[in-house]
Structures are given as C-alpha cells and as structure tokens.
Amino acid sequence: DQEEDVTKRTDIKEGDYTRVVGNVRSNQSANGREKFVVAFQLIALENANEITFHMLDTAWAHLVNTQKVPTAAPQQTQAQSQAHAAAAAAPAAAAANPLQSAILKVFESADQSNEAGTSITDVCNQLAGQYAAADVRAAIESMAADGHLYSTVDEEHYQSTSA
C-alpha cells in the first residue's frame, strides 16, 4: 500500500492539479511573518470535476460564513459525500483502539488555546503506567497519518483534529 502511494506521488509533475492534505504554519523571519504549508499527503486529481466541486464548495463555505446562505447546498457526488462522512466519523474511528483512545483523550483534555499543542513526551509521561513510550509514539504517528492528529510547531507537538 505504501509502495503504491510512493509510485503515485512520483507520477505527480509540475503543473498537475493535486489535492494537498496538510496545515498552514507561520514562521518569524527578517521579512516579517512568513506562512508556509506542511503537506502530509499529495493526491493527483483524476477528474476535472474535482476542481469544479472545490470552487463550488469554497463559494458555499464563504456564503455560509458570511450569513448569506442560499436555499440549497451544492450537490455532492456519492464519493465526495462518503469522504465527508468518513472525515466526520474520524474521531470515533480513532477511538477503536484502546491506546489510540487514551492518546486522543490526552490531546482533547489539553489546553487548546496553546498553539504549540501537546508534546509527545507529555503524552508518554501521562500514559507511562499504561503503555510503553515507543508504542505511544508509534500510535501518534499512525493517528497523524490517518488525520486524527496534526503536527503544530514541530514534529514533537500535535493537536487533535476533533478538538
């Protein structure tokens, strides 16, 4: 499965339309605050309708956020509806494993106003009596790859996507 993902990523070339999964970070520099994207996943678009759907979905989100909501939402394809449903169910799926459930509870109970997030070391310390640190670290990496957690200021600090 990972070999197939690597092959797909190497097929992406400059000028191709892609879907990027990641987060925006900022960094203080001589030019002021610079923003950059940390990409966790690149997916080549297979259908030009995905671009059109993105534009419609973006316009819809803008209207919802500015309180000028039209009477009906844009139509979604079955695949996109399933993807949105899967993303909404992500926190429940993350709790399927007792270790991942414990990790998720630690992240969700942490101070969400702290932009740095919670360090892996803090999570390991809180779960020290129950789980080995190596297992906790591996589970956090897996949960980040599945989209249940995201890294914040560095690869040592994470926050929950469901918080």
# chains A, B, ... in the order shown; residues from 1 in each chain; ligands from 1
>>> residues_around(residues="segment 115-124 of chain A", least_positions_apart="6", cutoff="10 Å", atoms="only C-alpha atoms", output="list in words")
Ala102, Ile103, Leu104, Lys105, Val106, Phe107, Glu108, Gln130, Tyr131, Ala132, Ala133, Ala134, Asp135, Val136, Arg137, Ile140, Glu141, Tyr150, Ser151, Thr152, Val153, Asp154, Glu155, Glu156, His157, Tyr158, Gln159 and Ser160 of chain A
>>> residues_around(residues="segment 34-43 of chain A", least_positions_apart="5", cutoff="8 Å", atoms="only C-alpha atoms", output="list in words")
Lys8, Arg9, Thr18, Arg19, Val20, Val21, Gly22, Asn23, Val24, Arg25, Ser26, Asn27, Gln28, Ser29 and Ala145 of chain A
>>> residues_around(residues="Tyr17 of chain A", least_positions_apart="6", cutoff="12 Å", atoms="only C-alpha atoms", output="PyMOL selection string")
chain A and resi 11+42-51+54
>>> atom_distance(atom1="atom CA of Gly147 of chain A", atom2="atom CA of Ser101 of chain A")
14.3 Å
>>> closest_residue(among="A:Ile12, A:Ser142, A:Ser162, A:Leu56", to="Gln100 of chain A", atoms="only C-alpha atoms")
A:Ser142
